[in-house]
Each structure stands twice: as C-alpha cells, then as structure tokens.
$ cat final-v5.cif   # mmCIF, C-alpha atoms, pLDDT in the B column; chains and numbers go by the auth columns
data_my_file
#
loop_
_atom_site.group_PDB
_atom_site.id
_atom_site.type_symbol
_atom_site.label_atom_id
_atom_site.label_comp_id
_atom_site.label_asym_id
_atom_site.label_seq_id
_atom_site.Cartn_x
_atom_site.Cartn_y
_atom_site.Cartn_z
_atom_site.B_iso_or_equiv
_atom_site.auth_seq_id
_atom_site.auth_asym_id
ATOM 1 C CA MET A 1 0.000 0.000 0.000 35.00 1 T
ATOM 2 C CA LEU A 2 1.481 3.298 -1.066 39.00 2 T
ATOM 3 C CA THR A 3 -0.050 5.630 1.463 40.00 3 T
ATOM 4 C CA THR A 4 0.499 3.808 4.757 44.00 4 T
ATOM 5 C CA TYR A 5 3.582 5.806 5.613 50.00 5 T
ATOM 6 C CA ASN A 6 1.535 8.926 6.293 59.00 6 T
ATOM 7 C CA VAL A 7 -1.577 7.222 7.554 63.00 7 T
ATOM 8 C CA LEU A 8 -0.971 8.481 11.092 66.00 8 T
ATOM 9 C CA GLN A 9 1.443 11.305 10.795 70.00 9 T
ATOM 10 C CA ASP A 10 3.163 12.125 14.044 68.00 10 T
ATOM 11 C CA ILE A 11 2.794 15.830 14.563 62.00 11 T
ATOM 12 C CA ASN A 12 4.250 16.036 18.036 56.00 12 T
ATOM 13 C CA SER A 13 7.318 17.894 16.882 49.00 13 T
ATOM 14 C CA LEU A 14 5.105 20.344 15.067 47.00 14 T
ATOM 15 C CA LEU A 15 2.890 20.855 18.102 46.00 15 T
ATOM 16 C CA GLU A 16 5.782 21.354 20.480 45.00 16 T
ATOM 17 C CA SER A 17 6.638 24.603 18.758 41.00 17 T
ATOM 18 C CA PHE A 18 3.169 26.005 19.442 44.00 18 T
ATOM 19 C CA ILE A 19 2.541 25.034 23.027 42.00 19 T
ATOM 20 C CA GLU A 20 3.274 27.214 25.998 41.00 20 T
ATOM 21 C CA PRO A 21 6.794 27.047 27.420 38.00 21 T
ATOM 22 C CA ARG A 22 5.619 25.530 30.731 38.00 22 T
ATOM 23 C CA HIS A 23 4.794 22.335 28.885 39.00 23 T
ATOM 24 C CA THR A 24 7.898 20.287 28.552 40.00 24 T
ATOM 25 C CA VAL A 25 8.465 16.761 27.425 43.00 25 T
ATOM 26 C CA HIS A 26 10.103 14.794 30.196 45.00 26 T
ATOM 27 C CA GLU A 27 12.417 11.925 29.755 50.00 27 T
ATOM 28 C CA LEU A 28 11.599 9.760 32.721 59.00 28 T
ATOM 29 C CA SER A 29 13.358 6.920 34.364 68.00 29 T
ATOM 30 C CA ASN A 30 11.033 3.944 34.715 79.00 30 T
ATOM 31 C CA VAL A 31 12.025 3.229 38.310 84.00 31 T
ATOM 32 C CA ASP A 32 11.288 5.261 41.401 86.00 32 T
ATOM 33 C CA PHE A 33 12.674 4.652 44.864 88.00 33 T
ATOM 34 C CA GLU A 34 11.362 6.309 48.003 88.00 34 T
ATOM 35 C CA GLU A 35 12.336 5.792 51.619 90.00 35 T
ATOM 36 C CA LYS A 36 10.286 7.249 54.425 89.00 36 T
ATOM 37 C CA GLU A 37 10.365 6.406 58.134 89.00 37 T
ATOM 38 C CA GLY A 38 11.397 2.786 57.806 90.00 38 T
ATOM 39 C CA GLU A 39 9.280 2.074 54.730 93.00 39 T
ATOM 40 C CA ILE A 40 10.642 1.667 51.236 93.00 40 T
ATOM 41 C CA THR A 41 8.450 2.046 48.159 93.00 41 T
ATOM 42 C CA VAL A 42 9.853 1.007 44.793 93.00 42 T
ATOM 43 C CA LYS A 43 7.834 1.573 41.640 92.00 43 T
ATOM 44 C CA TYR A 44 8.486 0.324 38.140 91.00 44 T
ATOM 45 C CA LEU A 45 6.734 1.271 34.940 90.00 45 T
ATOM 46 C CA VAL A 46 5.843 -1.986 33.205 90.00 46 T
ATOM 47 C CA PRO A 47 3.158 -1.184 30.604 91.00 47 T
ATOM 48 C CA GLY A 48 1.502 -4.306 29.253 90.00 48 T
ATOM 49 C CA ALA A 49 2.832 -6.552 32.016 90.00 49 T
ATOM 50 C CA LYS A 50 0.788 -9.366 33.497 91.00 50 T
ATOM 51 C CA ILE A 51 1.416 -10.720 36.988 93.00 51 T
ATOM 52 C CA GLU A 52 2.956 -13.916 35.593 92.00 52 T
ATOM 53 C CA ASP A 53 5.542 -11.887 33.632 91.00 53 T
ATOM 54 C CA ILE A 54 7.103 -10.494 36.806 94.00 54 T
ATOM 55 C CA ASP A 55 9.481 -12.155 39.229 94.00 55 T
ATOM 56 C CA ILE A 56 10.434 -10.504 42.524 95.00 56 T
ATOM 57 C CA GLN A 57 13.162 -11.858 44.787 94.00 57 T
ATOM 58 C CA LEU A 58 14.191 -10.507 48.125 92.00 58 T
ATOM 59 C CA GLU A 59 17.463 -11.711 49.537 88.00 59 T
ATOM 60 C CA ASN A 60 19.127 -10.124 52.542 81.00 60 T
ATOM 61 C CA ASN A 61 19.051 -6.481 51.618 84.00 61 T
ATOM 62 C CA THR A 62 18.926 -6.914 47.866 91.00 62 T
ATOM 63 C CA LEU A 63 15.762 -6.616 45.797 93.00 63 T
ATOM 64 C CA LYS A 64 15.784 -8.305 42.402 93.00 64 T
ATOM 65 C CA VAL A 65 12.999 -7.637 39.941 93.00 65 T
ATOM 66 C CA SER A 66 12.866 -9.220 36.534 91.00 66 T
ATOM 67 C CA TYR A 67 10.219 -8.818 33.909 88.00 67 T
ATOM 68 C CA ASP A 68 9.625 -10.581 30.633 86.00 68 T
ATOM 69 C CA ARG A 69 6.522 -9.898 28.553 76.00 69 T
ATOM 70 C CA LYS A 70 6.056 -13.390 27.199 70.00 70 T
ATOM 71 C CA ASN A 71 2.726 -12.998 25.453 60.00 71 T
ATOM 72 C CA ASP A 72 3.961 -10.298 23.105 61.00 72 T
ATOM 73 C CA THR A 73 5.738 -12.232 20.419 63.00 73 T
ATOM 74 C CA LYS A 74 3.243 -11.882 17.596 74.00 74 T
ATOM 75 C CA GLU A 75 4.670 -10.302 14.483 82.00 75 T
ATOM 76 C CA HIS A 76 2.824 -7.386 12.977 87.00 76 T
ATOM 77 C CA ARG A 77 3.109 -5.258 9.887 88.00 77 T
ATOM 78 C CA TYR A 78 4.535 -2.257 11.667 89.00 78 T
ATOM 79 C CA ILE A 79 4.320 1.271 10.363 87.00 79 T
ATOM 80 C CA ARG A 80 5.867 2.610 13.554 86.00 80 T
ATOM 81 C CA LYS A 81 7.652 0.655 16.285 86.00 81 T
ATOM 82 C CA GLU A 82 8.793 2.464 19.418 86.00 82 T
ATOM 83 C CA ARG A 83 7.620 0.338 22.353 86.00 83 T
ATOM 84 C CA THR A 84 10.553 -1.749 23.473 77.00 84 T
ATOM 85 C CA SER A 85 10.236 -2.204 27.217 57.00 85 T
ATOM 86 C CA ASN A 86 9.208 -5.848 27.178 70.00 86 T
ATOM 87 C CA ARG A 87 11.938 -7.185 29.441 77.00 87 T
ATOM 88 C CA PHE A 88 14.358 -6.060 32.096 80.00 88 T
ATOM 89 C CA ALA A 89 16.184 -7.255 35.209 87.00 89 T
ATOM 90 C CA ARG A 90 17.141 -4.868 37.943 87.00 90 T
ATOM 91 C CA THR A 91 18.830 -5.277 41.288 90.00 91 T
ATOM 92 C CA ILE A 92 18.492 -2.681 43.994 90.00 92 T
ATOM 93 C CA LYS A 93 20.671 -2.620 47.090 92.00 93 T
ATOM 94 C CA LEU A 94 18.429 -1.650 49.979 92.00 94 T
ATOM 95 C CA PRO A 95 19.706 0.768 52.629 91.00 95 T
ATOM 96 C CA TYR A 96 18.815 -1.625 55.461 91.00 96 T
ATOM 97 C CA LYS A 97 17.499 -5.102 56.170 90.00 97 T
ATOM 98 C CA VAL A 98 13.781 -5.468 55.470 92.00 98 T
ATOM 99 C CA ASP A 99 11.124 -7.769 56.860 92.00 99 T
ATOM 100 C CA GLY A 100 10.452 -10.355 54.160 90.00 100 T
ATOM 101 C CA ASP A 101 7.101 -11.352 55.647 91.00 101 T
ATOM 102 C CA ALA A 102 5.836 -7.774 55.528 92.00 102 T
ATOM 103 C CA ALA A 103 6.819 -7.226 51.891 93.00 103 T
ATOM 104 C CA ALA A 104 3.919 -6.443 49.563 95.00 104 T
ATOM 105 C CA ALA A 105 3.651 -5.997 45.812 96.00 105 T
ATOM 106 C CA SER A 106 0.833 -4.803 43.572 96.00 106 T
ATOM 107 C CA LEU A 107 0.366 -4.290 39.844 96.00 107 T
ATOM 108 C CA LYS A 108 -2.060 -1.688 38.563 96.00 108 T
ATOM 109 C CA GLU A 109 -2.366 0.138 35.235 96.00 109 T
ATOM 110 C CA GLY A 110 1.138 -0.900 34.218 94.00 110 T
ATOM 111 C CA VAL A 111 2.769 0.256 37.455 94.00 111 T
ATOM 112 C CA LEU A 112 4.443 -2.289 39.718 94.00 112 T
ATOM 113 C CA ARG A 113 4.639 -1.140 43.320 95.00 113 T
ATOM 114 C CA ILE A 114 6.668 -2.897 45.988 95.00 114 T
ATOM 115 C CA VAL A 115 6.448 -1.833 49.624 95.00 115 T
ATOM 116 C CA LEU A 116 9.076 -3.035 52.080 95.00 116 T
ATOM 117 C CA LYS A 117 9.286 -2.450 55.810 94.00 117 T
ATOM 118 C CA LYS A 118 12.411 -2.175 57.885 91.00 118 T
ATOM 119 C CA SER A 119 13.205 -5.404 59.677 89.00 119 T
ATOM 120 C CA PRO A 120 12.800 -5.318 63.472 85.00 120 T
ATOM 121 C CA ASP A 121 16.448 -6.451 63.590 82.00 121 T
ATOM 122 C CA ALA A 122 17.473 -3.232 61.879 79.00 122 T
ATOM 123 C CA LEU A 123 15.517 -0.961 64.196 78.00 123 T
ATOM 124 C CA PRO A 124 17.477 0.908 66.846 80.00 124 T
ATOM 125 C CA LYS A 125 17.387 -0.822 70.216 82.00 125 T
ATOM 126 C CA LYS A 126 17.628 0.809 73.543 85.00 126 T
ATOM 127 C CA ILE A 127 20.106 -0.894 75.752 88.00 127 T
ATOM 128 C CA THR A 128 19.377 -0.704 79.416 90.00 128 T
ATOM 129 C CA ILE A 129 22.308 -0.370 81.765 91.00 129 T
ATOM 130 C CA LYS A 130 22.169 -2.764 84.612 87.00 130 T
ATOM 131 C CA MET B 1 -14.134 19.103 36.186 46.00 1 S
ATOM 132 C CA ASN B 2 -11.675 20.616 38.592 46.00 2 S
ATOM 133 C CA LYS B 3 -12.205 24.352 38.735 46.00 3 S
ATOM 134 C CA ASN B 4 -8.525 24.842 39.456 48.00 4 S
ATOM 135 C CA ILE B 5 -7.629 23.109 36.226 50.00 5 S
ATOM 136 C CA GLU B 6 -6.119 26.309 34.834 54.00 6 S
ATOM 137 C CA ASN B 7 -3.629 26.345 37.697 64.00 7 S
ATOM 138 C CA THR B 8 -2.575 22.738 37.386 72.00 8 S
ATOM 139 C CA GLN B 9 0.830 22.434 35.866 79.00 9 S
ATOM 140 C CA TYR B 10 1.343 19.475 33.590 82.00 10 S
ATOM 141 C CA ASN B 11 4.618 17.919 32.655 83.00 11 S
ATOM 142 C CA TYR B 12 4.106 16.280 29.328 87.00 12 S
ATOM 143 C CA ILE B 13 5.616 12.974 28.360 87.00 13 S
ATOM 144 C CA THR B 14 5.622 11.580 24.831 89.00 14 S
ATOM 145 C CA PRO B 15 4.408 7.978 25.060 91.00 15 S
ATOM 146 C CA ALA B 16 6.210 5.280 23.079 89.00 16 S
ATOM 147 C CA THR B 17 3.810 4.238 20.331 91.00 17 S
ATOM 148 C CA ASP B 18 3.503 1.351 17.907 90.00 18 S
ATOM 149 C CA ILE B 19 1.298 1.445 14.849 92.00 19 S
ATOM 150 C CA TYR B 20 0.606 -1.608 12.747 92.00 20 S
ATOM 151 C CA GLU B 21 -1.702 -2.618 9.987 91.00 21 S
ATOM 152 C CA GLU B 22 -4.233 -5.414 9.996 91.00 22 S
ATOM 153 C CA GLU B 23 -6.818 -6.578 7.492 88.00 23 S
ATOM 154 C CA GLY B 24 -9.570 -4.001 7.932 89.00 24 S
ATOM 155 C CA HIS B 25 -7.937 -1.561 10.298 92.00 25 S
ATOM 156 C CA PHE B 26 -4.840 0.007 11.789 92.00 26 S
ATOM 157 C CA VAL B 27 -3.863 -0.550 15.419 94.00 27 S
ATOM 158 C CA LEU B 28 -2.162 2.105 17.530 95.00 28 S
ATOM 159 C CA GLN B 29 -0.703 1.099 20.890 94.00 29 S
ATOM 160 C CA ALA B 30 0.739 3.634 23.317 94.00 30 S
ATOM 161 C CA ASP B 31 2.437 2.959 26.657 93.00 31 S
ATOM 162 C CA ILE B 32 0.735 5.107 29.278 95.00 32 S
ATOM 163 C CA PRO B 33 1.463 3.394 32.629 94.00 33 S
ATOM 164 C CA GLY B 34 -0.015 5.081 35.696 94.00 34 S
ATOM 165 C CA VAL B 35 -3.148 6.316 33.928 96.00 35 S
ATOM 166 C CA THR B 36 -6.653 5.184 34.842 95.00 36 S
ATOM 167 C CA LYS B 37 -9.678 5.456 32.538 95.00 37 S
ATOM 168 C CA ASP B 38 -10.686 8.723 34.232 95.00 38 S
ATOM 169 C CA GLY B 39 -7.471 10.445 33.222 95.00 39 S
ATOM 170 C CA LEU B 40 -7.648 9.391 29.606 96.00 40 S
ATOM 171 C CA ASP B 41 -8.918 11.565 26.808 95.00 41 S
ATOM 172 C CA VAL B 42 -8.845 10.701 23.119 95.00 42 S
ATOM 173 C CA THR B 43 -10.250 13.246 20.705 93.00 43 S
ATOM 174 C CA LEU B 44 -10.575 13.516 16.970 91.00 44 S
ATOM 175 C CA GLU B 45 -11.132 16.900 15.434 89.00 45 S
ATOM 176 C CA ASN B 46 -10.378 17.998 11.907 86.00 46 S
ATOM 177 C CA ASN B 47 -8.355 14.851 11.229 85.00 47 S
ATOM 178 C CA LEU B 48 -6.253 15.511 14.314 90.00 48 S
ATOM 179 C CA LEU B 49 -6.196 12.567 16.677 92.00 49 S
ATOM 180 C CA GLU B 50 -5.075 13.726 20.094 93.00 50 S
ATOM 181 C CA ILE B 51 -4.255 11.517 23.058 95.00 51 S
ATOM 182 C CA THR B 52 -4.043 13.152 26.483 95.00 52 S
ATOM 183 C CA ALA B 53 -3.557 10.900 29.494 95.00 53 S
ATOM 184 C CA LYS B 54 -3.127 12.381 32.948 94.00 54 S
ATOM 185 C CA THR B 55 -1.329 10.101 35.364 93.00 55 S
ATOM 186 C CA ASP B 56 -2.849 9.266 38.720 91.00 56 S
ATOM 187 C CA PRO B 57 -0.392 10.894 41.175 84.00 57 S
ATOM 188 C CA GLU B 58 -1.054 8.129 43.717 86.00 58 S
ATOM 189 C CA LEU B 59 -0.123 5.501 41.196 87.00 59 S
ATOM 190 C CA PHE B 60 2.610 7.125 39.171 87.00 60 S
ATOM 191 C CA LEU B 61 6.269 7.663 39.986 78.00 61 S
ATOM 192 C CA HIS B 62 7.746 10.738 41.624 66.00 62 S
ATOM 193 C CA THR B 63 4.769 11.234 43.896 55.00 63 S
ATOM 194 C CA LYS B 64 6.699 13.409 46.324 54.00 64 S
ATOM 195 C CA GLU B 65 8.117 15.722 43.708 53.00 65 S
ATOM 196 C CA SER B 66 4.865 16.044 41.827 47.00 66 S
ATOM 197 C CA GLU B 67 3.497 18.286 44.591 56.00 67 S
ATOM 198 C CA ASN B 68 5.937 20.895 43.376 61.00 68 S
ATOM 199 C CA GLU B 69 6.436 19.826 39.808 64.00 69 S
ATOM 200 C CA GLY B 70 2.850 19.351 38.794 74.00 70 S
ATOM 201 C CA VAL B 71 1.128 16.328 37.352 83.00 71 S
ATOM 202 C CA TYR B 72 2.667 14.120 34.710 87.00 72 S
ATOM 203 C CA ALA B 73 0.575 13.627 31.613 91.00 73 S
ATOM 204 C CA TYR B 74 1.193 11.792 28.372 93.00 74 S
ATOM 205 C CA ARG B 75 0.318 13.582 25.203 93.00 75 S
ATOM 206 C CA ARG B 76 0.685 12.786 21.573 92.00 76 S
ATOM 207 C CA SER B 77 -1.091 13.826 18.403 92.00 77 S
ATOM 208 C CA PHE B 78 -1.414 12.253 15.024 91.00 78 S
ATOM 209 C CA LYS B 79 -2.792 13.638 11.844 88.00 79 S
ATOM 210 C CA ILE B 80 -4.915 10.998 10.198 86.00 80 S
ATOM 211 C CA ASP B 81 -5.346 10.819 6.469 83.00 81 S
ATOM 212 C CA ARG B 82 -8.166 9.627 4.225 83.00 82 S
ATOM 213 C CA ASN B 83 -7.178 5.980 4.722 85.00 83 S
ATOM 214 C CA ILE B 84 -8.897 6.064 8.085 89.00 84 S
ATOM 215 C CA ASP B 85 -12.630 6.279 8.607 90.00 85 S
ATOM 216 C CA SER B 86 -13.092 8.693 11.527 87.00 86 S
ATOM 217 C CA GLN B 87 -16.419 7.008 12.347 89.00 87 S
ATOM 218 C CA LYS B 88 -14.681 3.704 12.997 91.00 88 S
ATOM 219 C CA ILE B 89 -12.294 4.406 15.840 92.00 89 S
ATOM 220 C CA SER B 90 -12.440 2.517 19.117 94.00 90 S
ATOM 221 C CA ALA B 91 -10.246 2.744 22.207 95.00 91 S
ATOM 222 C CA SER B 92 -9.396 0.450 25.107 96.00 92 S
ATOM 223 C CA LEU B 93 -7.073 0.670 28.101 97.00 93 S
ATOM 224 C CA GLU B 94 -5.432 -2.378 29.661 96.00 94 S
ATOM 225 C CA ASP B 95 -2.411 -2.728 31.952 95.00 95 S
ATOM 226 C CA GLY B 96 -1.220 0.785 31.157 95.00 96 S
ATOM 227 C CA VAL B 97 -1.422 0.296 27.395 95.00 97 S
ATOM 228 C CA LEU B 98 -3.839 2.303 25.273 97.00 98 S
ATOM 229 C CA THR B 99 -5.033 0.493 22.154 97.00 99 S
ATOM 230 C CA LEU B 100 -6.833 2.313 19.380 96.00 100 S
ATOM 231 C CA GLU B 101 -8.413 0.497 16.468 95.00 101 S
ATOM 232 C CA LEU B 102 -8.767 2.710 13.452 94.00 102 S
ATOM 233 C CA GLY B 103 -10.978 1.347 10.708 93.00 103 S
ATOM 234 C CA LYS B 104 -9.896 1.745 7.132 90.00 104 S
ATOM 235 C CA SER B 105 -12.019 3.843 4.809 88.00 105 S
ATOM 236 C CA GLU B 106 -14.156 1.929 2.351 83.00 106 S
ATOM 237 C CA GLU B 107 -12.429 3.688 -0.541 77.00 107 S
ATOM 238 C CA VAL B 108 -9.034 2.251 0.327 73.00 108 S
ATOM 239 C CA LYS B 109 -10.163 -1.242 1.242 73.00 109 S
ATOM 240 C CA PRO B 110 -9.325 -3.752 -1.434 75.00 110 S
ATOM 241 C CA LYS B 111 -12.328 -4.496 -3.568 75.00 111 S
ATOM 242 C CA LYS B 112 -13.004 -7.642 -5.419 79.00 112 S
ATOM 243 C CA ILE B 113 -14.194 -6.930 -8.906 82.00 113 S
ATOM 244 C CA GLU B 114 -16.554 -9.475 -10.298 85.00 114 S
ATOM 245 C CA ILE B 115 -15.838 -10.478 -13.824 88.00 115 S
ATOM 246 C CA THR B 116 -18.682 -11.156 -16.098 86.00 116 S
ATOM 247 C CA TYR B 117 -17.850 -13.776 -18.590 87.00 117 S
ATOM 248 C CA LYS B 118 -19.530 -13.229 -21.915 85.00 118 S
ATOM 249 C CA GLN B 119 -19.838 -16.009 -24.364 78.00 119 S
#
$ encode --input "final-v5.cif" --output "structure tokens"
Amino acid sequence: MLTTYNVLQDINSLLESFIEPRHTVHELSNVDFEEKEGEITVKYLVPGAKIEDIDIQLENNTLKVSYDRKNDTKEHRYIRKERTSNRFARTIKLPYKVDGDAAAASLKEGVLRIVLKKSPDALPKKITIK
Amino acid sequence: MNKNIENTQYNYITPATDIYEEEGHFVLQADIPGVTKDGLDVTLENNLLEITAKTDPELFLHTKESENEGVYAYRRSFKIDRNIDSQKISASLEDGVLTLELGKSEEVKPKKIEITYKQ
C-alpha cells in the first residue's frame, strides 16, 4: 500500500513549537525509589505486564525484579515501532534489612509497586544499663 | 471538572507508540502506565487525533516531587489521512497500554471486482 507511511502522521514535533513554554516533554526513568520512616516504596513502569511476567526476589538487603513480557511475540506489519520495554532485570541494594514477611507488591495500570518495611532487627534498640 | 484546572501544571511525556496494519484496520498502541480510565482523553477533530492521558499521582512515579512539579501527563497527536474512517475508531485501556483500532475507509479497502464472462 502506497499511502500507509503517512496514515498516522506524528505531529508532536510540530505541536511542540506552538505550546506554551511551561509544557515540557520529560524523559523519565522507569524506576522510582522512596524511603520514608522505615518504609521503602519502589515503583516500576511496566506497561503491558501481566502478573505472571514479573518475578520478585528478596534476599538479605537486595531486591531483584525481573520482567519478561512473554505474550507479546506476535509479528505485525509495523508502520511505527517504538515500544521496546518488554523485558528487564534490575537489582536494587536496599539501605537496610527489610522484613520479608511484611513485603507487599501490587500491579495496577502498568505500574508495579513494591512496599518493604524495615526489619525489626534493623531498628534501633535501647540498651538498658544494669 | 476541577475548577482549578487552569492552575494545574502538567509535565508532558511523549508515550512510546507502535502502529501496525491489519486486514480491515490500523492498530495504535501507546504505553501510558499510571493512567486510569478517568485520566484518559482521546479526541478527533479535523483529522487531528489527540491523546491526552493524565497520570494518577497516587499511582505514578515521583509522587513526592509532583506536589511541586505538577502532574505528569502523556500527550501525543497524530494527523490521520483519508485511509482512516473517523467514524470507525475505538479505544481500550489495559495494563497501562492504550489500544486504538482505526478502521480503514471503504475507498481504500481492497475491492473484489466481479468479472462477467460473456460467451
């Protein structure tokens, strides 16, 4: 087909020159780490991921997350192909030991969220003088 | 609609997008993780297909910073040509991926021409 190339013409670059300066295009990292009062929240952007595509391992104070979008192997007649994030493996060194039993993970709208709590072992202890 | 909408600062992100062709239609898929159905807006006006997807600050990354930085929103526009029938566009959102099905115009669909055999 001769005309497919322009069937959906990307005009973002054209638009960018007209929009107000406060609007900027951000290049974002797809991981976010936040620590607050003994609770760690790690978020990953995993668009298209199903629960079975994700593997989370917690070992000592290392968090390993790997992701492989298995069901996305079908070949298409692409006019434009930009989406690439169908697999990754990341290891994060945690700042302290966490409680494995209190770890929780959720997946919603392509965002994986892992919440970890500081292990009681890592909490400061008051030592009484006898 | 939020009456303070004019004061909300948006940081726009260009979503990675795939477009492919199938038998009777084109498929557009855009990665918009962190957006719920409520934040999604797809409009078609004068052959301009515009996708605006505001992220849910609770769900998306950089929650702490967004108080100062504003809300992250995906935005991308495409100009559609006569190959697409603007009446035949459907949208769905699943696992942070927006899928648009854009039906081909009748005029560009392949037509089978019947041949009359004359003896």
$ residues_near_point --input "final-v5.cif" --point "(20.8, -9.5, 50.2)" --cutoff "9 Å" --atoms "all atoms listed in the file" --output "list in words"
Leu58, Glu59, Asn60, Asn61, Thr62, Leu63, Lys93, Leu94 and Lys97 of chain T
$ write_last_selection --input "final-v5.cif" --atoms "C-alpha atoms" --output "mmCIF file, keeping the file's coordinate frame"
data_model
loop_
_atom_site.group_PDB
_atom_site.id
_atom_site.type_symbol
_atom_site.label_atom_id
_atom_site.label_comp_id
_atom_site.auth_asym_id
_atom_site.auth_seq_id
_atom_site.Cartn_x
_atom_site.Cartn_y
_atom_site.Cartn_z
ATOM 1 C CA LEU T 58 14.191 -10.507 48.125
ATOM 2 C CA GLU T 59 17.463 -11.711 49.537
ATOM 3 C CA ASN T 60 19.127 -10.124 52.542
ATOM 4 C CA ASN T 61 19.051 -6.481 51.618
ATOM 5 C CA THR T 62 18.926 -6.914 47.866
ATOM 6 C CA LEU T 63 15.762 -6.616 45.797
ATOM 7 C CA LYS T 93 20.671 -2.620 47.090
ATOM 8 C CA LEU T 94 18.429 -1.650 49.979
ATOM 9 C CA LYS T 97 17.499 -5.102 56.170
#
$ atom_distance --input "final-v5.cif" --atom1 "CA of Asp85 in chain S" --atom2 "CA of Ile51 in chain S"
17.5 Å
$ resolve_selection --input "final-v5.cif" --expression "the PyMOL selection byres ((chain S) within 9 of (chain T))" --output "PyMOL selection string"
chain S and resi 9-22+26+28-36+49+59-62+64+72+74-84+93-97
$ atom_distance --input "final-v5.cif" --atom1 "CA of Arg90 in chain T" --atom2 "CA of Val65 in chain T"
5.4 Å
$ atom_distance --input "final-v5.cif" --atom1 "CA of Ala102 in chain T" --atom2 "CA of Lys126 in chain T"
23.2 Å
$ closest_residue --input "final-v5.cif" --among "S:Ser105, S:Thr8, S:Ser92, S:Thr116" --to "Lys37 in chain S" --atoms "all atoms listed in the file"
S:Ser92
$ residues_near_point --input "final-v5.cif" --point "(15.1, -2.4, 55.8)" --cutoff "9 Å" --atoms "all atoms listed in the file" --output "ChimeraX atom specification"
/T:38-40,61,94-99,116-123
$ closest_residue --input "final-v5.cif" --among "T:Ala89, T:Ile51, T:Asp101, T:Gln57" --to "Lys70 in chain T" --atoms "only C-alpha atoms"
T:Ile51
$ resolve_selection --input "final-v5.cif" --expression "the PyMOL selection byres ((chain T and resi 54) around 6)" --output "PyMOL selection string"
chain T and resi 51-53+55+66-67
$ closest_residue --input "final-v5.cif" --among "S:Thr55, S:His25, S:Glu50, S:Lys88" --to "Asp38 in chain S" --atoms "all atoms listed in the file"
S:Thr55
$ residues_around --input "final-v5.cif" --residues "Glu101 in chain S" --least-positions-apart "2" --cutoff "6 Å" --atoms "all atoms listed in the file" --output "list of chain:residue names"
S:Phe26, S:Val27, S:Ile89, S:Ser90
$ write_last_selection --input "final-v5.cif" --atoms "C-alpha atoms" --output "compact mmCIF listing (two decimals), in the frame of the given file"
# COMPACT_ATOMS: atom_id res chain seq x y z
CA PHE S 26 -4.84 0.01 11.79
CA VAL S 27 -3.86 -0.55 15.42
CA ILE S 89 -12.29 4.41 15.84
CA SER S 90 -12.44 2.52 19.12
